[in-house]
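Colleague: Quick one, run_24.pdb (PDB, C-alpha atoms):
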ATOM      1  CA  MET A  11     -25.176 -11.802 -46.662
ATOM      2  CA  GLU A  12     -24.137 -10.150 -43.407
ATOM      3  CA  THR A  13     -26.128 -11.281 -40.367
ATOM      4  CA  MET A  14     -27.484  -8.398 -38.314
ATOM      5  CA  HIS A  15     -27.386  -8.868 -34.520
ATOM      6  CA  SER A  16     -28.592  -5.391 -33.532
ATOM      7  CA  ILE A  17     -31.954  -6.933 -32.632
ATOM      8  CA  ASP A  18     -31.878 -10.347 -30.972
ATOM      9  CA  LEU A  19     -35.359 -11.674 -31.701
ATOM     10  CA  PHE A  20     -34.743 -14.917 -29.807
ATOM     11  CA  GLY A  21     -33.536 -13.012 -26.794
ATOM     12  CA  LEU A  22     -36.430 -10.554 -26.945
ATOM     13  CA  GLU A  23     -38.864 -13.463 -26.986
ATOM     14  CA  LYS A  24     -37.245 -14.911 -23.862
ATOM     15  CA  GLU A  25     -37.539 -11.514 -22.170
ATOM     16  CA  ARG A  26     -41.209 -11.297 -23.194
ATOM     17  CA  LEU A  27     -41.820 -14.747 -21.714
ATOM     18  CA  ARG A  28     -39.993 -13.755 -18.519
ATOM     19  CA  GLU A  29     -42.221 -10.716 -18.064
ATOM     20  CA  ALA A  30     -45.353 -12.704 -18.902
ATOM     21  CA  SER A  31     -44.380 -15.374 -16.375
ATOM     22  CA  ILE A  32     -43.861 -12.824 -13.601
ATOM     23  CA  HIS A  33     -47.176 -11.096 -14.299
ATOM     24  CA  ALA A  34     -49.018 -14.417 -14.451
ATOM     25  CA  MET A  35     -47.572 -15.555 -11.143
ATOM     26  CA  GLU A  36     -48.368 -12.244  -9.475
ATOM     27  CA  GLY A  37     -51.969 -12.649 -10.579
ATOM     28  CA  CYS A  38     -52.334 -16.116  -9.048
ATOM     29  CA  GLN A  39     -53.293 -16.837  -5.473
ATOM     30  CA  SER A  40     -50.659 -18.968  -3.779
ATOM     31  CA  ALA A  41     -51.924 -22.221  -2.304
ATOM     32  CA  LEU A  42     -49.572 -21.733   0.649
ATOM     33  CA  GLU A  43     -51.019 -20.288   3.821
ATOM     34  CA  ILE A  44     -48.392 -17.627   4.513
ATOM     35  CA  PRO A  45     -50.421 -14.707   5.831
ATOM     36  CA  GLY A  46     -50.112 -10.994   5.209
ATOM     37  CA  CYS A  47     -47.388  -8.721   3.914
ATOM     38  CA  ALA A  48     -44.124  -8.174   5.745
ATOM     39  CA  ASN A  49     -43.346  -4.682   7.051
ATOM     40  CA  SER A  50     -39.881  -5.550   8.366
ATOM     41  CA  PHE A  51     -36.888  -7.609   7.328
ATOM     42  CA  GLU A  52     -37.519  -9.827  10.333
ATOM     43  CA  GLY A  53     -41.064 -10.468   9.147
ATOM     44  CA  LEU A  54     -39.896 -11.280   5.618
ATOM     45  CA  VAL A  55     -37.283 -13.718   6.935
ATOM     46  CA  ALA A  56     -39.944 -15.467   9.046
ATOM     47  CA  MET A  57     -42.124 -15.836   5.943
ATOM     48  CA  LEU A  58     -39.210 -17.212   3.931
ATOM     49  CA  ASP A  59     -38.350 -19.728   6.640
ATOM     50  CA  GLN A  60     -41.967 -20.884   6.661
ATOM     51  CA  LEU A  61     -41.971 -21.150   2.880
ATOM     52  CA  PHE A  62     -38.805 -23.229   2.671
ATOM     53  CA  ALA A  63     -40.059 -25.524   5.414
ATOM     54  CA  SER A  64     -43.091 -26.318   3.242
ATOM     55  CA  GLU A  65     -43.211 -29.230   0.817
ATOM     56  CA  VAL A  66     -44.017 -27.381  -2.407
ATOM     57  CA  ASP A  67     -42.667 -27.454  -5.944
ATOM     58  CA  TRP A  68     -40.490 -24.767  -7.505
ATOM     59  CA  VAL A  69     -43.317 -23.060  -9.414
ATOM     60  CA  GLU A  70     -45.370 -22.597  -6.244
ATOM     61  CA  ARG A  71     -42.319 -21.401  -4.308
ATOM     62  CA  GLN A  72     -41.419 -18.935  -7.046
ATOM     63  CA  ARG A  73     -44.968 -17.577  -7.060
ATOM     64  CA  ALA A  74     -44.918 -17.189  -3.277
ATOM     65  CA  ILE A  75     -41.581 -15.328  -3.268
ATOM     66  CA  LEU A  76     -42.745 -12.935  -5.972
ATOM     67  CA  GLY A  77     -45.863 -12.265  -3.902
ATOM     68  CA  MET A  78     -43.836 -11.640  -0.743
ATOM     69  CA  LEU A  79     -41.527  -9.169  -2.474
ATOM     70  CA  ARG A  80     -44.375  -7.420  -4.265
ATOM     71  CA  GLY A  81     -46.277  -6.982  -0.992
ATOM     72  CA  LEU A  82     -43.261  -5.917   1.065
ATOM     73  CA  LYS A  83     -43.861  -2.637   2.914
ATOM     74  CA  LEU A  84     -40.639  -1.358   4.471
ATOM     75  CA  SER A  85     -40.253   2.064   6.052
ATOM     76  CA  SER A  86     -37.209   4.203   5.326
ATOM     77  CA  LYS A  87     -36.056   3.575   8.897
ATOM     78  CA  GLU A  88     -36.255  -0.191   8.370
ATOM     79  CA  ILE A  89     -34.362  -0.044   5.068
ATOM     80  CA  THR A  90     -31.520   2.014   6.563
ATOM     81  CA  LYS A  91     -30.686  -0.836   8.951
ATOM     82  CA  TYR A  92     -28.815  -2.465   6.058
ATOM     83  CA  VAL A  93     -27.780   0.562   4.015
ATOM     84  CA  ASP A  94     -23.989   0.945   3.851
ATOM     85  CA  TRP A  95     -22.118   3.046   1.281
ATOM     86  CA  GLN A  96     -18.608   2.619   2.700
ATOM     87  CA  GLY A  97     -15.451   2.471   0.608
ATOM     88  CA  ASP A  98     -14.763   3.234  -3.044
ATOM     89  CA  SER A  99     -16.483   0.144  -4.404
ATOM     90  CA  PRO A 100     -19.262   0.733  -6.966
ATOM     91  CA  TYR A 101     -21.821  -0.985  -4.753
ATOM     92  CA  THR A 102     -22.025  -2.776  -1.420
ATOM     93  CA  ARG A 103     -23.665  -6.089  -0.577
ATOM     94  CA  ASN A 104     -25.071  -6.323   2.944
ATOM     95  CA  LEU A 105     -26.359  -9.603   4.326
ATOM     96  CA  VAL A 106     -29.816  -9.530   5.892
ATOM     97  CA  ALA A 107     -30.242 -13.280   6.470
ATOM     98  CA  SER A 108     -29.378 -16.732   5.154
ATOM     99  CA  ASP A 109     -30.238 -20.201   6.324
ATOM    100  CA  GLY A 110     -27.091 -21.452   4.571
ATOM    101  CA  LYS A 111     -29.072 -23.960   2.527
ATOM    102  CA  ASN A 112     -32.158 -22.551   0.832
ATOM    103  CA  TYR A 113     -31.698 -18.812   0.458
ATOM    104  CA  SER A 114     -29.645 -15.714   1.120
ATOM    105  CA  LEU A 115     -31.197 -12.258   1.398
ATOM    106  CA  LEU A 116     -29.062  -9.163   0.797
ATOM    107  CA  VAL A 117     -29.473  -5.407   0.512
ATOM    108  CA  LEU A 118     -27.334  -3.873  -2.235
ATOM    109  CA  CYS A 119     -26.465  -0.169  -2.215
ATOM    110  CA  TRP A 120     -25.545   1.243  -5.635
ATOM    111  CA  LYS A 121     -23.588   4.429  -6.148
ATOM    112  CA  PRO A 122     -24.839   6.713  -8.944
ATOM    113  CA  GLY A 123     -23.917   5.446 -12.403
ATOM    114  CA  ARG A 124     -22.088   2.363 -11.082
ATOM    115  CA  GLU A 125     -22.918  -1.204 -12.078
ATOM    116  CA  SER A 126     -22.046  -4.864 -11.771
ATOM    117  CA  ARG A 127     -20.331  -6.783 -14.523
ATOM    118  CA  ILE A 128     -22.226  -9.225 -16.720
ATOM    119  CA  HIS A 129     -22.815 -12.381 -14.688
ATOM    120  CA  ASN A 130     -24.709 -15.651 -14.449
ATOM    121  CA  HIS A 131     -26.671 -17.214 -11.572
ATOM    122  CA  PRO A 132     -25.589 -20.741 -10.531
ATOM    123  CA  CYS A 133     -28.823 -21.231  -8.598
ATOM    124  CA  GLN A 134     -32.539 -21.693  -9.234
ATOM    125  CA  GLY A 135     -33.079 -17.987  -9.374
ATOM    126  CA  CYS A 136     -32.390 -14.425  -8.283
ATOM    127  CA  PHE A 137     -35.298 -12.211  -7.192
ATOM    128  CA  VAL A 138     -34.830  -8.426  -7.011
ATOM    129  CA  ARG A 139     -37.033  -5.772  -5.394
ATOM    130  CA  VAL A 140     -35.975  -2.149  -5.909
ATOM    131  CA  LEU A 141     -36.301  -0.391  -2.539
ATOM    132  CA  CYS A 142     -35.112   3.134  -3.376
ATOM    133  CA  GLY A 143     -34.075   4.919  -6.554
ATOM    134  CA  SER A 144     -33.923   3.301  -9.995
ATOM    135  CA  LEU A 145     -31.859   0.453 -11.429
ATOM    136  CA  VAL A 146     -30.945  -0.283 -15.020
ATOM    137  CA  GLU A 147     -30.969  -3.986 -15.900
ATOM    138  CA  THR A 148     -29.270  -5.039 -19.132
ATOM    139  CA  LEU A 149     -30.192  -8.503 -20.413
ATOM    140  CA  TYR A 150     -28.071 -10.760 -22.619
ATOM    141  CA  SER A 151     -28.642 -13.985 -24.531
ATOM    142  CA  VAL A 152     -25.883 -16.594 -24.931
ATOM    143  CA  HIS A 153     -24.930 -18.345 -28.182
ATOM    144  CA  PRO A 154     -22.374 -21.108 -27.518
ATOM    145  CA  GLU A 155     -22.242 -22.161 -31.182
ATOM    146  CA  ILE A 156     -20.577 -18.842 -32.065
ATOM    147  CA  ASP A 157     -19.086 -18.070 -28.629
ATOM    148  CA  GLU A 158     -21.213 -14.943 -28.307
ATOM    149  CA  ILE A 159     -22.917 -12.915 -25.605
ATOM    150  CA  ARG A 160     -25.558 -10.746 -27.253
ATOM    151  CA  GLU A 161     -27.282  -7.783 -25.646
ATOM    152  CA  ILE A 162     -31.076  -8.071 -25.778
ATOM    153  CA  THR A 163     -32.357  -4.953 -24.124
ATOM    154  CA  ALA A 164     -31.913  -2.578 -21.204
ATOM    155  CA  ARG A 165     -34.745  -1.421 -18.988
ATOM    156  CA  VAL A 166     -35.213   0.860 -16.009
ATOM    157  CA  ALA A 167     -36.715  -0.602 -12.819
ATOM    158  CA  ASN A 168     -38.130   1.954 -10.385
ATOM    159  CA  ALA A 169     -38.769   1.640  -6.649
ATOM    160  CA  GLY A 170     -41.304  -1.100  -5.950
ATOM    161  CA  SER A 171     -40.596  -3.160  -9.063
ATOM    162  CA  VAL A 172     -39.848  -6.877  -8.743
ATOM    163  CA  SER A 173     -37.909  -9.014 -11.220
ATOM    164  CA  PHE A 174     -36.602 -12.553 -11.565
ATOM    165  CA  MET A 175     -33.538 -13.952 -13.329
ATOM    166  CA  ASN A 176     -31.853 -17.318 -13.823
ATOM    167  CA  ASP A 177     -29.527 -18.932 -16.343
ATOM    168  CA  ASP A 178     -32.394 -20.278 -18.435
ATOM    169  CA  LEU A 179     -33.204 -16.654 -19.252
ATOM    170  CA  GLY A 180     -29.618 -15.654 -20.051
ATOM    171  CA  LEU A 181     -27.196 -13.268 -18.351
ATOM    172  CA  HIS A 182     -27.553  -9.760 -17.001
ATOM    173  CA  LYS A 183     -25.879  -6.821 -15.318
ATOM    174  CA  ILE A 184     -27.445  -4.292 -12.967
ATOM    175  CA  GLY A 185     -26.516  -0.741 -12.046
ATOM    176  CA  ALA A 186     -27.884   2.521 -10.734
ATOM    177  CA  GLU A 187     -28.958   5.323 -13.017
ATOM    178  CA  ASN A 188     -26.440   8.117 -13.327
ATOM    179  CA  ASN A 189     -28.093  10.598 -10.986
ATOM    180  CA  ALA A 190     -27.349  12.029  -7.573
ATOM    181  CA  CYS A 191     -29.327   9.454  -5.601
ATOM    182  CA  GLY A 192     -27.966   6.015  -6.368
ATOM    183  CA  ALA A 193     -30.231   3.075  -5.544
ATOM    184  CA  VAL A 194     -30.950   0.414  -2.942
ATOM    185  CA  SER A 195     -32.266  -3.038  -3.841
ATOM    186  CA  LEU A 196     -33.169  -6.270  -2.080
ATOM    187  CA  HIS A 197     -31.862  -9.514  -3.615
ATOM    188  CA  LEU A 198     -32.965 -13.047  -2.803
ATOM    189  CA  TYR A 199     -30.827 -15.910  -4.113
ATOM    190  CA  THR A 200     -32.104 -19.461  -3.885
ATOM    191  CA  PRO A 201     -30.115 -21.465  -3.019
ATOM    192  CA  PRO A 202     -27.070 -19.433  -1.855
ATOM    193  CA  PHE A 203     -23.885 -19.645  -3.930
ATOM    194  CA  SER A 204     -20.303 -18.577  -3.297
ATOM    195  CA  SER A 205     -19.062 -17.900  -6.832
ATOM    196  CA  CYS A 206     -20.358 -17.198 -10.315
ATOM    197  CA  LYS A 207     -19.095 -16.484 -13.816
ATOM    198  CA  VAL A 208     -18.488 -12.863 -14.801
ATOM    199  CA  TRP A 209     -17.717 -11.162 -18.105
ATOM    200  CA  SER A 210     -16.179  -7.774 -18.863
ATOM    201  CA  SER A 211     -17.945  -7.304 -22.189
ATOM    202  CA  SER A 212     -20.419  -8.802 -24.633
ATOM    203  CA  GLY A 213     -19.974  -9.703 -28.309
ATOM    204  CA  GLN A 214     -18.563 -12.543 -30.379
ATOM    205  CA  GLY A 215     -15.661 -14.446 -28.845
ATOM    206  CA  GLN A 216     -16.668 -13.371 -25.340
ATOM    207  CA  LEU A 217     -18.740 -16.266 -23.948
ATOM    208  CA  ALA A 218     -15.672 -18.389 -23.193
ATOM    209  CA  ASN A 219     -13.799 -15.350 -21.893
ATOM    210  CA  PHE A 220     -15.155 -15.391 -18.334
ATOM    211  CA  GLN A 221     -13.677 -15.218 -14.853
ATOM    212  CA  GLU A 222     -14.768 -16.948 -11.675
ATOM    213  CA  GLY A 223     -15.997 -14.230  -9.353
ATOM    214  CA  LEU A 224     -16.310 -14.575  -5.590
ATOM    215  CA  VAL A 225     -19.634 -13.598  -4.060
ATOM    216  CA  GLU A 226     -18.722 -11.399  -1.091
ATOM    217  CA  PHE A 227     -20.899  -9.446   1.327
ATOM    218  CA  SER A 228     -20.721  -7.606   4.616
ATOM    219  CA  ASP A 229     -22.332  -9.421   7.517
ATOM    220  CA  HIS A 230     -23.857  -6.982   9.982
ATOM    221  CA  ALA A 231     -24.439  -9.793  12.464
ATOM    222  CA  SER A 232     -20.740 -10.642  12.708
ATOM    223  CA  ASP A 233     -19.493  -7.133  11.795
ATOM    224  CA  MET A 234     -17.402  -8.614   8.988
ATOM    225  CA  PRO A 235     -15.722  -5.767   7.083
ATOM    226  CA  TYR A 236     -16.778  -4.994   3.556
ATOM    227  CA  PRO A 237     -14.204  -6.122   0.959
ATOM    228  CA  SER A 238     -11.643  -3.443   0.149
ATOM    229  CA  ASN A 239     -11.243  -1.966  -3.319
ATOM    230  CA  ASP A 240      -8.129  -4.132  -3.723
ATOM    231  CA  ILE A 241     -10.307  -7.193  -4.361
ATOM    232  CA  GLU A 242     -13.118  -5.425  -6.206
ATOM    233  CA  ALA A 243     -12.245  -7.343  -9.380
ATOM    234  CA  GLU A 244     -13.008 -10.612  -7.564
ATOM    235  CA  TYR A 245     -16.444  -9.891  -6.190
ATOM    236  CA  TYR A 246     -19.647  -9.617  -8.120
ATOM    237  CA  ILE A 247     -23.333 -10.293  -7.705
TER     238      ILE A 247
END
Is it possible to express this structure as structure tokens?
Modeller:
Amino acid sequence: METMHSIDLFGLEKERLREASIHAMEGCQSALEIPGCANSFEGLVAMLDQLFASEVDWVERQRAILGMLRGLKLSSKEITKYVDWQGDSPYTRNLVASDGKNYSLLVLCWKPGRESRIHNHPCQGCFVRVLCGSLVETLYSVHPEIDEIREITARVANAGSVSFMNDDLGLHKIGAENNACGAVSLHLYTPPFSSCKVWSSSGQGQLANFQEGLVEFSDHASDMPYPSNDIEAEYYI
């Protein structure tokens, strides 16, 4: 009998658990005394530095980060400090801050209808807050026994939404909806990483067919130029 993979029940269950985990953590009061909600990138960075200086376990840290991103209140003027649409690349990655050890915080600017490739996260986790516009996140489960990457679902995340992803939950790709506006999102990676695995497509025989992608970004502090389109194939989220 032919096996039907149009609906990945295992993957859908993992996605359900991911959403349930995020909602549960958002509903819990953090034991950490990190006051208030940030209304600037500088304020958020100060809160993150305080968090990573605290002796807490991963679950408590994850809960605190989700709370910080959910409560973030940035004005349009504040967001535009790190908005950069230069070049022909599908999206830009603009460094806000990194302590070089525990986290890196970036603003990503997505051109309409453009997206990342499928990729993993060689870190504890990636947190995303949509700042402007809407993003489409496509989730994938991995099946090493048959060398397959299987699409689970795609969902739209509007401004204000917060999500979390790591390799225990599978793979994903992110892109802006195909409208005139594009999108801007804030990404927190903990800890920072310099490369990840990327895939051009899903399906059977694709899991082993990955490339090592460099994680590049523009650094406003050092005025480092954004990577040219010539190396677009080597840089991914």
Colleague: For atom CA of A:Ile89 and atom CA of A:Arg124, determine how far apart the two atoms are, in Å to one decimal place.
Modeller: 20.4 Å
Colleague: Given the PyMOL selection byres ((chain A and resi 189-195) around 9) and the file above, list the residues it selects as a list of chain:residue names.
Modeller: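 Output of the PyMOL selection byres ((chain A and resi 189-195) around 9): A:Ile89, A:Val93, A:Leu116, A:Val117, A:Leu118, A:Cys119, A:Trp120, A:Lys121, A:Pro122, A:Gly123, A:Arg124, A:Val138, A:Arg139, A:Val140, A:Leu141, A:Cys142, A:Gly143, A:Ser144, A:Leu145, A:Ala169, A:Gly185, A:Ala186, A:Glu187, A:Asn188, A:Leu196, A:His197.
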Colleague: Could you check how far atom CA of A:Val146 sits from atom CA of A:Asn112, in Å to one decimal?
Modeller: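 We find that atom CA of A:Val146 and atom CA of A:Asn112 lie 27.4 Å from each other.
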Colleague: So the first atom is atom CA of A:Cys47 and the second is atom CA of A:Arg80; what is the distance between them in Å, to one decimal place?
Modeller: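 Between atom CA of A:Cys47 and atom CA of A:Arg80 the gap is 8.8 Å.
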Colleague: When distances are computed from all atoms listed in the file, which of A:Ser212, A:Ser114, A:Gln96, A:Gln72 shows the smallest separation from A:Val152?
Modeller: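 Nearest to A:Val152: A:Ser212.
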Colleague: Evaluating the PyMOL selection byres ((chain A and resi 50-62) around 8) on the displayed file yields which residues, as a list in words?
Modeller: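 Taken on the displayed file, the PyMOL selection byres ((chain A and resi 50-62) around 8) yields the residues Leu42, Ile44, Ala48, Asn49, Ala63, Ser64, Glu65, Arg71, Ala74, Ile75, Met78, Leu82, Lys83, Leu84, Ser85, Glu88, Val106, Ala107 and Asn112 of chain A.
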Colleague: Need the shell around A:Gln214: protein/DNA/RNA residues with any atom at most 12 Å away, counting only C-alpha atoms. Skip same-chain ones fewer than 4 positions apart. Format as a compact mmCIF listing (two decimals) with C-alpha atoms, in the coordinates of the input?
Modeller:
# COMPACT_ATOMS: atom_id res chain seq x y z
CA HIS A 15 -27.39 -8.87 -34.52
CA SER A 151 -28.64 -13.98 -24.53
CA VAL A 152 -25.88 -16.59 -24.93
CA HIS A 153 -24.93 -18.34 -28.18
CA PRO A 154 -22.37 -21.11 -27.52
CA GLU A 155 -22.24 -22.16 -31.18
CA ILE A 156 -20.58 -18.84 -32.06
CA ASP A 157 -19.09 -18.07 -28.63
CA GLU A 158 -21.21 -14.94 -28.31
CA ILE A 159 -22.92 -12.92 -25.60
CA ARG A 160 -25.56 -10.75 -27.25
CA GLU A 161 -27.28 -7.78 -25.65
CA ALA A 218 -15.67 -18.39 -23.19
CA ASN A 219 -13.80 -15.35 -21.89
Colleague: Give the answer as one residue: which of A:Asp67, A:Arg73, A:Ser204, A:Tyr150 has the shortest atom-to-atom distance to A:Phe174, using all atoms listed in the file?
Modeller: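 Smallest separation from A:Phe174 among the options: A:Arg73.
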Colleague: Report as a list in words the residues that result from applying the PyMOL selection byres ((chain A and resi 200) around 7) to the structure here.
Modeller: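 Answer for the PyMOL selection byres ((chain A and resi 200) around 7): Asn112, Tyr113, Ser114, Cys133, Gln134, Gly135, Cys136, Leu198, Tyr199, Pro201 and Pro202 of chain A.
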Colleague: I'd like to know which of A:Val166, A:Ile128, A:Leu76, A:Val66 is closest to A:Phe220, using only C-alpha atoms.
Modeller: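 Among A:Val166, A:Ile128, A:Leu76, A:Val66, it is A:Ile128 that comes nearest to A:Phe220.
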Colleague: Edge lengths and centre in Å to one decimal, as AutoDock Vina command-line options, is what I'm after for the box along x, y and z that holds all listed atoms of stretch 124-133 of chain A once 5 Å is added on each side.
Modeller:
--center_x -24.6 --center_y -9.4 --center_z -12.7 --size_x 18.5 --size_y 33.6 --size_z 18.1
